[in-house]
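Shown next: final.cif, given as mmCIF, C-alpha atoms and all ligand atoms.
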```cif
data_entry
#
loop_
_atom_site.group_PDB
_atom_site.id
_atom_site.type_symbol
_atom_site.label_atom_id
_atom_site.label_comp_id
_atom_site.auth_asym_id
_atom_site.auth_seq_id
_atom_site.Cartn_x
_atom_site.Cartn_y
_atom_site.Cartn_z
ATOM 1 C CA MET A 22 9.238 24.055 17.148
ATOM 2 C CA THR A 23 9.303 20.279 17.176
ATOM 3 C CA VAL A 24 9.408 17.565 14.521
ATOM 4 C CA GLU A 25 7.831 14.246 15.416
ATOM 5 C CA VAL A 26 7.827 11.076 13.328
ATOM 6 C CA ALA A 27 4.748 8.878 13.727
ATOM 7 C CA PRO A 28 5.517 5.369 15.026
ATOM 8 C CA GLY A 29 5.330 2.711 12.348
ATOM 9 C CA ALA A 30 6.101 5.132 9.510
ATOM 10 C CA GLY A 31 7.853 3.461 6.580
ATOM 11 C CA PHE A 32 8.487 -0.093 5.411
ATOM 12 C CA CYS A 33 6.158 -2.795 6.690
ATOM 13 C CA PHE A 34 6.983 -6.467 7.117
ATOM 14 C CA GLY A 35 5.642 -7.421 3.665
ATOM 15 C CA VAL A 36 7.646 -4.770 1.836
ATOM 16 C CA LYS A 37 10.871 -5.607 3.704
ATOM 17 C CA ARG A 38 10.394 -9.268 2.832
ATOM 18 C CA ALA A 39 9.658 -8.535 -0.843
ATOM 19 C CA LEU A 40 12.765 -6.369 -1.161
ATOM 20 C CA ARG A 41 14.978 -8.943 0.541
ATOM 21 C CA LEU A 42 13.761 -11.624 -1.871
ATOM 22 C CA ALA A 43 14.189 -9.303 -4.859
ATOM 23 C CA PHE A 44 17.752 -8.288 -3.917
ATOM 24 C CA GLU A 45 18.663 -11.961 -3.330
ATOM 25 C CA ALA A 46 17.204 -12.953 -6.715
ATOM 26 C CA ALA A 47 19.060 -10.115 -8.460
ATOM 27 C CA ARG A 48 22.351 -11.197 -6.820
ATOM 28 C CA GLU A 49 22.003 -14.939 -7.314
ATOM 29 C CA SER A 50 20.412 -15.295 -10.766
ATOM 30 C CA ASP A 51 22.443 -15.605 -13.953
ATOM 31 C CA GLY A 52 19.729 -14.606 -16.418
ATOM 32 C CA PRO A 53 17.403 -11.584 -16.406
ATOM 33 C CA VAL A 54 15.416 -10.845 -13.261
ATOM 34 C CA VAL A 55 12.162 -8.935 -13.683
ATOM 35 C CA THR A 56 9.009 -7.870 -11.908
ATOM 36 C CA LEU A 57 5.672 -7.377 -13.641
ATOM 37 C CA GLY A 58 5.086 -3.765 -12.667
ATOM 38 C CA PRO A 59 7.090 -2.103 -9.869
ATOM 39 C CA ILE A 60 7.827 -4.409 -6.917
ATOM 40 C CA ILE A 61 6.560 -1.734 -4.517
ATOM 41 C CA HIS A 62 5.044 1.690 -5.106
ATOM 42 C CA ASN A 63 8.125 3.777 -4.508
ATOM 43 C CA PRO A 64 10.040 5.081 -7.550
ATOM 44 C CA GLN A 65 13.258 5.765 -5.596
ATOM 45 C CA VAL A 66 13.463 2.179 -4.298
ATOM 46 C CA VAL A 67 12.608 0.773 -7.732
ATOM 47 C CA GLU A 68 15.450 2.861 -9.189
ATOM 48 C CA ARG A 69 17.883 1.358 -6.661
ATOM 49 C CA LEU A 70 16.733 -2.137 -7.530
ATOM 50 C CA GLU A 71 17.198 -1.420 -11.220
ATOM 51 C CA SER A 72 20.796 -0.498 -10.535
ATOM 52 C CA GLU A 73 21.159 -3.984 -8.959
ATOM 53 C CA GLY A 74 19.852 -5.582 -12.165
ATOM 54 C CA LEU A 75 16.129 -6.007 -11.444
ATOM 55 C CA ARG A 76 14.117 -4.801 -14.443
ATOM 56 C CA VAL A 77 10.457 -3.770 -14.450
ATOM 57 C CA VAL A 78 8.410 -5.135 -17.364
ATOM 58 C CA GLN A 79 4.759 -4.606 -18.200
ATOM 59 C CA THR A 80 3.920 -7.969 -19.804
ATOM 60 C CA LEU A 81 5.336 -11.484 -19.839
ATOM 61 C CA ASP A 82 6.010 -11.050 -23.559
ATOM 62 C CA GLU A 83 8.996 -8.886 -22.615
ATOM 63 C CA ILE A 84 10.848 -11.850 -21.073
ATOM 64 C CA ASP A 85 11.450 -15.329 -22.476
ATOM 65 C CA SER A 86 13.845 -16.688 -19.824
ATOM 66 C CA GLY A 87 15.133 -15.890 -16.351
ATOM 67 C CA THR A 88 13.431 -15.087 -13.071
ATOM 68 C CA LEU A 89 10.112 -13.431 -12.328
ATOM 69 C CA VAL A 90 9.886 -11.876 -8.868
ATOM 70 C CA VAL A 91 6.222 -11.625 -7.906
ATOM 71 C CA ARG A 92 5.734 -8.267 -6.259
ATOM 72 C CA SER A 93 4.320 -7.709 -2.782
ATOM 73 C CA HIS A 94 0.830 -7.052 -4.233
ATOM 74 C CA GLY A 95 0.714 -10.531 -5.772
ATOM 75 C CA LEU A 96 -0.322 -11.551 -9.283
ATOM 76 C CA PRO A 97 -3.496 -13.128 -10.665
ATOM 77 C CA GLY A 98 -3.339 -16.944 -10.803
ATOM 78 C CA PRO A 99 -3.558 -17.182 -14.625
ATOM 79 C CA ILE A 100 -0.512 -14.915 -15.053
ATOM 80 C CA LEU A 101 1.501 -17.059 -12.649
ATOM 81 C CA ASP A 102 0.398 -20.171 -14.560
ATOM 82 C CA GLU A 103 1.501 -18.560 -17.809
ATOM 83 C CA ALA A 104 4.903 -17.630 -16.329
ATOM 84 C CA GLU A 105 5.386 -21.241 -15.259
ATOM 85 C CA ARG A 106 4.323 -22.503 -18.674
ATOM 86 C CA ARG A 107 7.014 -20.298 -20.216
ATOM 87 C CA GLY A 108 9.617 -21.898 -17.958
ATOM 88 C CA LEU A 109 10.424 -18.813 -15.879
ATOM 89 C CA ARG A 110 11.822 -19.299 -12.393
ATOM 90 C CA ILE A 111 9.342 -17.751 -9.967
ATOM 91 C CA VAL A 112 10.349 -16.048 -6.740
ATOM 92 C CA ASP A 113 7.109 -15.344 -4.924
ATOM 93 C CA ALA A 114 7.436 -12.136 -2.901
ATOM 94 C CA THR A 115 3.675 -11.735 -2.470
ATOM 95 C CA CYS A 116 3.059 -10.459 1.052
ATOM 96 C CA PRO A 117 1.636 -13.374 3.091
ATOM 97 C CA PHE A 118 -1.211 -11.104 4.208
ATOM 98 C CA VAL A 119 -2.154 -10.403 0.588
ATOM 99 C CA LYS A 120 -2.002 -14.116 -0.092
ATOM 100 C CA GLN A 121 -4.423 -14.608 2.765
ATOM 101 C CA VAL A 122 -6.924 -12.235 1.108
ATOM 102 C CA GLN A 123 -6.633 -14.175 -2.153
ATOM 103 C CA ASP A 124 -7.256 -17.424 -0.257
ATOM 104 C CA ARG A 125 -10.229 -16.002 1.640
ATOM 105 C CA ALA A 126 -11.808 -14.736 -1.590
ATOM 106 C CA LYS A 127 -11.347 -18.157 -3.216
ATOM 107 C CA GLU A 128 -12.840 -19.822 -0.147
ATOM 108 C CA LEU A 129 -15.924 -17.570 -0.352
ATOM 109 C CA GLU A 130 -16.297 -18.332 -4.050
ATOM 110 C CA ARG A 131 -16.029 -22.088 -3.408
ATOM 111 C CA GLU A 132 -18.729 -21.822 -0.740
ATOM 112 C CA GLY A 133 -21.060 -20.181 -3.248
ATOM 113 C CA TYR A 134 -20.887 -16.566 -2.090
ATOM 114 C CA SER A 135 -20.907 -13.665 -4.540
ATOM 115 C CA VAL A 136 -17.586 -12.009 -3.732
ATOM 116 C CA VAL A 137 -17.333 -8.287 -2.972
ATOM 117 C CA VAL A 138 -13.850 -6.784 -2.657
ATOM 118 C CA VAL A 139 -13.572 -3.473 -0.813
ATOM 119 C CA GLY A 140 -10.725 -1.591 -2.455
ATOM 120 C CA GLU A 141 -9.493 0.269 -5.505
ATOM 121 C CA GLU A 142 -10.506 -1.373 -8.747
ATOM 122 C CA ASP A 143 -7.209 -0.808 -10.583
ATOM 123 C CA HIS A 144 -4.867 -1.468 -7.676
ATOM 124 C CA PRO A 145 -2.510 -4.398 -8.376
ATOM 125 C CA GLU A 146 -3.398 -6.084 -5.094
ATOM 126 C CA VAL A 147 -7.104 -5.975 -5.958
ATOM 127 C CA LEU A 148 -6.359 -7.241 -9.472
ATOM 128 C CA SER A 149 -4.404 -10.126 -7.951
ATOM 129 C CA ILE A 150 -7.417 -10.998 -5.768
ATOM 130 C CA THR A 151 -10.124 -10.732 -8.426
ATOM 131 C CA GLY A 152 -7.848 -12.321 -11.036
ATOM 132 C CA SER A 153 -7.485 -15.424 -8.892
ATOM 133 C CA LEU A 154 -11.241 -16.085 -8.890
ATOM 134 C CA GLU A 155 -13.247 -18.135 -11.371
ATOM 135 C CA ARG A 156 -16.155 -15.694 -11.492
ATOM 136 C CA PRO A 157 -16.141 -11.862 -11.644
ATOM 137 C CA ALA A 158 -16.130 -10.136 -8.245
ATOM 138 C CA LEU A 159 -17.638 -6.746 -7.481
ATOM 139 C CA VAL A 160 -15.021 -4.192 -6.412
ATOM 140 C CA VAL A 161 -16.307 -1.209 -4.424
ATOM 141 C CA ASN A 162 -14.521 1.577 -2.638
ATOM 142 C CA GLY A 163 -17.541 2.690 -0.648
ATOM 143 C CA PRO A 164 -21.255 1.998 -0.184
ATOM 144 C CA LYS A 165 -22.099 3.920 -3.367
ATOM 145 C CA GLY A 166 -20.515 1.163 -5.420
ATOM 146 C CA LEU A 167 -23.177 -1.200 -4.095
ATOM 147 C CA ASP A 168 -25.911 0.441 -6.187
ATOM 148 C CA SER A 169 -25.058 -1.924 -9.016
ATOM 149 C CA ILE A 170 -25.350 -5.031 -6.868
ATOM 150 C CA GLY A 171 -28.284 -7.275 -7.757
ATOM 151 C CA GLU A 172 -30.351 -9.412 -5.476
ATOM 152 C CA HIS A 173 -27.782 -11.803 -4.079
ATOM 153 C CA ASP A 174 -28.695 -14.444 -1.581
ATOM 154 C CA ARG A 175 -25.218 -14.822 -0.204
ATOM 155 C CA VAL A 176 -22.529 -12.167 -0.291
ATOM 156 C CA GLY A 177 -18.961 -12.662 0.917
ATOM 157 C CA VAL A 178 -16.656 -9.720 1.584
ATOM 158 C CA VAL A 179 -12.888 -9.309 1.689
ATOM 159 C CA CYS A 180 -10.932 -6.077 1.833
ATOM 160 C CA GLN A 181 -7.742 -4.722 0.230
ATOM 161 C CA THR A 182 -5.130 -4.869 2.996
ATOM 162 C CA THR A 183 -4.484 -1.127 3.065
ATOM 163 C CA GLN A 184 -8.065 0.143 3.172
ATOM 164 C CA PRO A 185 -9.240 2.203 6.156
ATOM 165 C CA PRO A 186 -11.506 0.285 8.565
ATOM 166 C CA GLU A 187 -14.286 2.930 8.216
ATOM 167 C CA ARG A 188 -14.568 2.111 4.515
ATOM 168 C CA LEU A 189 -15.001 -1.602 5.174
ATOM 169 C CA ARG A 190 -17.517 -0.786 7.881
ATOM 170 C CA SER A 191 -19.577 1.479 5.584
ATOM 171 C CA VAL A 192 -19.716 -1.198 2.877
ATOM 172 C CA ILE A 193 -20.856 -3.819 5.380
ATOM 173 C CA VAL A 194 -23.598 -1.507 6.629
ATOM 174 C CA GLY A 195 -24.638 -0.882 3.004
ATOM 175 C CA LEU A 196 -24.817 -4.606 2.358
ATOM 176 C CA LEU A 197 -27.008 -5.365 5.355
ATOM 177 C CA SER A 198 -30.113 -4.323 3.449
ATOM 178 C CA LYS A 199 -29.067 -6.140 0.262
ATOM 179 C CA ALA A 200 -27.912 -9.570 1.288
ATOM 180 C CA PRO A 201 -29.887 -11.970 3.446
ATOM 181 C CA GLU A 202 -26.642 -13.803 4.165
ATOM 182 C CA LEU A 203 -23.388 -11.944 4.634
ATOM 183 C CA LYS A 204 -19.948 -13.369 5.415
ATOM 184 C CA VAL A 205 -17.117 -10.924 6.050
ATOM 185 C CA PHE A 206 -13.391 -11.449 6.381
ATOM 186 C CA ASN A 207 -11.674 -8.420 7.838
ATOM 187 C CA THR A 208 -8.474 -8.658 5.814
ATOM 188 C CA ILE A 209 -7.101 -5.209 6.622
ATOM 189 C CA CYS A 210 -3.465 -5.669 7.543
ATOM 190 C CA GLU A 211 -2.574 -4.915 11.155
ATOM 191 C CA ALA A 212 0.421 -2.806 10.051
ATOM 192 C CA THR A 213 -1.907 -0.578 8.009
ATOM 193 C CA PHE A 214 -4.315 -0.244 10.872
ATOM 194 C CA GLU A 215 -1.566 0.783 13.296
ATOM 195 C CA ARG A 216 0.154 3.146 10.857
ATOM 196 C CA GLN A 217 -3.105 4.958 10.150
ATOM 197 C CA ALA A 218 -4.004 5.171 13.849
ATOM 198 C CA HIS A 219 -0.581 6.612 14.768
ATOM 199 C CA ALA A 220 -0.658 9.099 11.879
ATOM 200 C CA LEU A 221 -4.118 10.238 12.891
ATOM 201 C CA GLU A 222 -3.122 10.654 16.515
ATOM 202 C CA LEU A 223 -0.129 12.793 15.514
ATOM 203 C CA ALA A 224 -2.124 14.773 12.935
ATOM 204 C CA LYS A 225 -4.606 15.785 15.632
ATOM 205 C CA ARG A 226 -1.775 17.372 17.651
ATOM 206 C CA ALA A 227 0.365 18.799 14.848
ATOM 207 C CA GLU A 228 -0.289 21.971 12.889
ATOM 208 C CA VAL A 229 1.363 20.521 9.797
ATOM 209 C CA MET A 230 1.754 16.916 8.620
ATOM 210 C CA LEU A 231 4.233 15.859 5.963
ATOM 211 C CA VAL A 232 3.297 12.530 4.417
ATOM 212 C CA VAL A 233 6.187 11.126 2.457
ATOM 213 C CA GLY A 234 6.043 8.327 -0.091
ATOM 214 C CA GLY A 235 5.368 7.366 -3.692
ATOM 215 C CA ARG A 236 2.618 9.274 -5.437
ATOM 216 C CA ASN A 237 1.541 5.912 -6.867
ATOM 217 C CA SER A 238 1.283 4.420 -3.365
ATOM 218 C CA ALA A 239 -2.367 3.987 -2.388
ATOM 219 C CA ASN A 240 -1.605 3.564 1.309
ATOM 220 C CA THR A 241 0.532 6.733 1.356
ATOM 221 C CA ARG A 242 -2.266 8.691 -0.333
ATOM 222 C CA ARG A 243 -4.710 7.326 2.207
ATOM 223 C CA LEU A 244 -2.468 8.489 5.068
ATOM 224 C CA TRP A 245 -2.454 11.949 3.540
ATOM 225 C CA GLU A 246 -6.262 11.955 3.254
ATOM 226 C CA LEU A 247 -6.581 10.901 6.899
ATOM 227 C CA CYS A 248 -4.217 13.653 8.021
ATOM 228 C CA ARG A 249 -6.147 16.233 6.024
ATOM 229 C CA GLU A 250 -9.379 15.070 7.626
ATOM 230 C CA ALA A 251 -7.745 15.573 11.028
ATOM 231 C CA THR A 252 -7.962 19.332 10.368
ATOM 232 C CA CYS A 253 -4.273 20.056 10.059
ATOM 233 C CA ASP A 254 -2.375 21.165 6.935
ATOM 234 C CA ALA A 255 -1.124 18.023 5.257
ATOM 235 C CA TYR A 256 1.255 17.692 2.324
ATOM 236 C CA HIS A 257 2.033 14.545 0.339
ATOM 237 C CA ILE A 258 5.565 14.600 -1.029
ATOM 238 C CA GLU A 259 7.730 11.923 -2.574
ATOM 239 C CA THR A 260 11.107 13.118 -1.283
ATOM 240 C CA ALA A 261 12.596 15.882 0.861
ATOM 241 C CA ASP A 262 13.379 17.868 -2.325
ATOM 242 C CA GLU A 263 9.707 18.774 -2.610
ATOM 243 C CA PHE A 264 9.484 20.227 0.914
ATOM 244 C CA ASP A 265 8.706 23.955 1.071
ATOM 245 C CA PRO A 266 9.848 25.642 4.333
ATOM 246 C CA GLY A 267 6.944 28.089 3.998
ATOM 247 C CA TRP A 268 4.530 25.251 4.810
ATOM 248 C CA ILE A 269 5.664 25.044 8.426
ATOM 249 C CA GLN A 270 5.822 28.737 9.131
ATOM 250 C CA GLY A 271 4.573 29.405 12.658
ATOM 251 C CA ALA A 272 3.939 25.729 13.438
ATOM 252 C CA ASP A 273 4.843 24.465 16.918
ATOM 253 C CA LEU A 274 4.627 20.809 15.983
ATOM 254 C CA VAL A 275 5.402 19.333 12.563
ATOM 255 C CA GLY A 276 4.456 15.685 12.125
ATOM 256 C CA ILE A 277 5.956 13.276 9.637
ATOM 257 C CA THR A 278 4.690 9.910 8.500
ATOM 258 C CA GLY A 279 5.392 7.625 5.555
ATOM 259 C CA GLY A 280 3.623 4.812 3.726
ATOM 260 C CA ALA A 281 4.422 1.105 3.882
ATOM 261 C CA SER A 282 6.652 1.460 0.823
ATOM 262 C CA THR A 283 8.634 4.484 2.026
ATOM 263 C CA PRO A 284 12.233 3.619 2.951
ATOM 264 C CA GLN A 285 13.737 4.888 6.197
ATOM 265 C CA TRP A 286 16.393 6.918 4.341
ATOM 266 C CA ILE A 287 13.713 9.047 2.661
ATOM 267 C CA ILE A 288 12.060 9.704 6.040
ATOM 268 C CA ASP A 289 15.456 10.525 7.621
ATOM 269 C CA ASP A 290 16.292 12.903 4.756
ATOM 270 C CA LEU A 291 13.031 14.734 5.291
ATOM 271 C CA VAL A 292 13.566 15.043 9.052
ATOM 272 C CA ALA A 293 17.033 16.490 8.389
ATOM 273 C CA VAL A 294 15.733 19.012 5.847
ATOM 274 C CA VAL A 295 12.885 20.136 8.111
ATOM 275 C CA GLU A 296 15.256 20.467 11.070
ATOM 276 C CA SER A 297 17.657 22.478 9.014
ATOM 277 C CA ALA A 298 14.862 24.804 7.795
ATOM 278 C CA MET A 299 13.805 25.333 11.407
ATOM 279 C CA ALA A 300 17.348 25.960 12.581
ATOM 280 C CA SER A 301 18.038 28.494 9.859
ATOM 281 C CA GLY A 302 14.812 30.347 10.648
ATOM 282 C CA ARG A 303 13.603 30.044 7.046
ATOM 283 C CA THR A 304 10.186 29.090 8.377
ATOM 284 C CA GLY A 305 9.669 32.276 10.313
ATOM 285 C CA GLY A 306 9.924 30.398 13.633
ATOM 286 C CA GLY A 307 12.688 31.246 16.077
ATOM 287 C CA THR A 308 12.957 28.318 18.456
ATOM 288 C CA PRO A 309 15.583 25.633 17.823
ATOM 289 C CA PRO A 310 14.104 22.373 16.531
ATOM 290 C CA SER A 311 13.855 19.096 18.369
ATOM 291 C CA VAL A 312 12.934 15.678 17.007
ATOM 292 C CA GLY A 313 10.624 13.225 18.753
ATOM 293 C CA SER A 314 10.215 9.636 17.672
ATOM 294 C CA SER A 315 7.295 8.381 19.727
HETATM 295 FE FE1 LIG B 1 1.739 -6.801 3.598
HETATM 296 FE FE2 LIG B 1 0.457 -5.239 5.221
HETATM 297 FE FE3 LIG B 1 2.677 -4.480 4.154
HETATM 298 S S1 LIG B 1 -0.411 -6.462 3.638
HETATM 299 S S2 LIG B 1 2.775 -5.462 2.190
HETATM 300 S S3 LIG B 1 2.432 -6.154 5.618
HETATM 301 S S4 LIG B 1 0.905 -3.191 4.505
#
```
Write the structure described by the file as structure tokens, please.
Ligand code: F3S
Amino acid sequence: MTVEVAPGAGFCFGVKRALRLAFEAARESDGPVVTLGPIIHNPQVVERLESEGLRVVQTLDEIDSGTLVVRSHGLPGPILDEAERRGLRIVDATCPFVKQVQDRAKELEREGYSVVVVGEEDHPEVLSITGSLERPALVVNGPKGLDSIGEHDRVGVVCQTTQPPERLRSVIVGLLSKAPELKVFNTICEATFERQAHALELAKRAEVMLVVGGRNSANTRRLWELCREATCDAYHIETADEFDPGWIQGADLVGITGGASTPQWIIDDLVAVVESAMASGRTGGGTPPSVGSS
């Protein structure tokens, strides 16, 4: 029995950067330090930040002074303007790749394109993109969403950074028959692309995949969906506490991956728990475990 962790599992560049900025702000600021919504979609990390003094609020009305750390998903332009108007110090931890999507969408709007965003309508990143535009954008998470699109001469497309490439592709194909002029920016983040590809490659070889990360993390959920589609048993858990040794009974290879907002310590904990279950024979397997990290 072997445990293998998919390469690229866990924190991405944008999340590491956002957390560094948030910890610095919490350490250096005198007044309250807040984020509008959780800085990343991982409850365990948010809890740690709270213990350092960074509070999560839901609206700007909950803070009248201090520092606002803009989370990695970004914020709509009007909310940032309002925060400035209220005199809050702003630490912008928006991932530069998310910023790029916002800029591309604005560019398309300026050039007169009707903007289509491929992504999840209620996801904070998507809200930060559509909320930075002057006119309403159409948000679709597949070609079906295009049924409501009217006759547009010019359609411009951007994509939520963590969407799977097949979804973007299917929307583009759907648009070919609807828009005489189509301009597409492939704004899927490279880290997402690689993480998904590595998870898929491992899921095809493993009998069981454990996908660890926040239940509110869209990219973690997407990893789990991909692993399930790869015909192996796949489980989405938030921490090692939720792992059931019965899941890996009889498996020769157990794969582990984690979303962009999953810290290394949660992945390490899970590896240790799985190893220990294997070693104690609680899974029904008899061979001693080994851990790969390719
Ligand atoms: Fe940024 Fe890509 Fe991570 S968009 S937050 S580096 S998944």
Problem set entry | Within 9 Å of Thr260 of chain A using only C-alpha atoms, minus same-chain residues under 6 positions, as a VMD selection string | chain A and resid 65 233 to 235 287 to 288 290 to 291
For this session: Report as a ChimeraX atom specification the residues that result from applying the PyMOL selection byres (((chain A and resi 134) around 6) and not hetatm) to the structure here.
Result: /A:129-130,132-133,135-136,175-177
Exercise. Hey, what comes out of the PyMOL selection byres (((not hetatm)) within 12 of (chain B and resi 1)) on this file? Could you write it as an MDAnalysis selection string?
Worked result: chainID A and resid 29:40 60:62 92:95 114:123 145:147 180:185 208:217 238:241 279:283
Problem set entry | Interatomic distance (Å, one decimal) between atom CA of Val78 of chain A and atom CA of Val91 of chain A |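 Going from atom CA of Val78 of chain A over to atom CA of Val91 of chain A covers 11.7 Å.
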Problem set entry | Point-to-point distance from atom CA of Val179 of chain A to atom CA of Leu154 of chain A, Å rounded to tenths | 12.7 Å
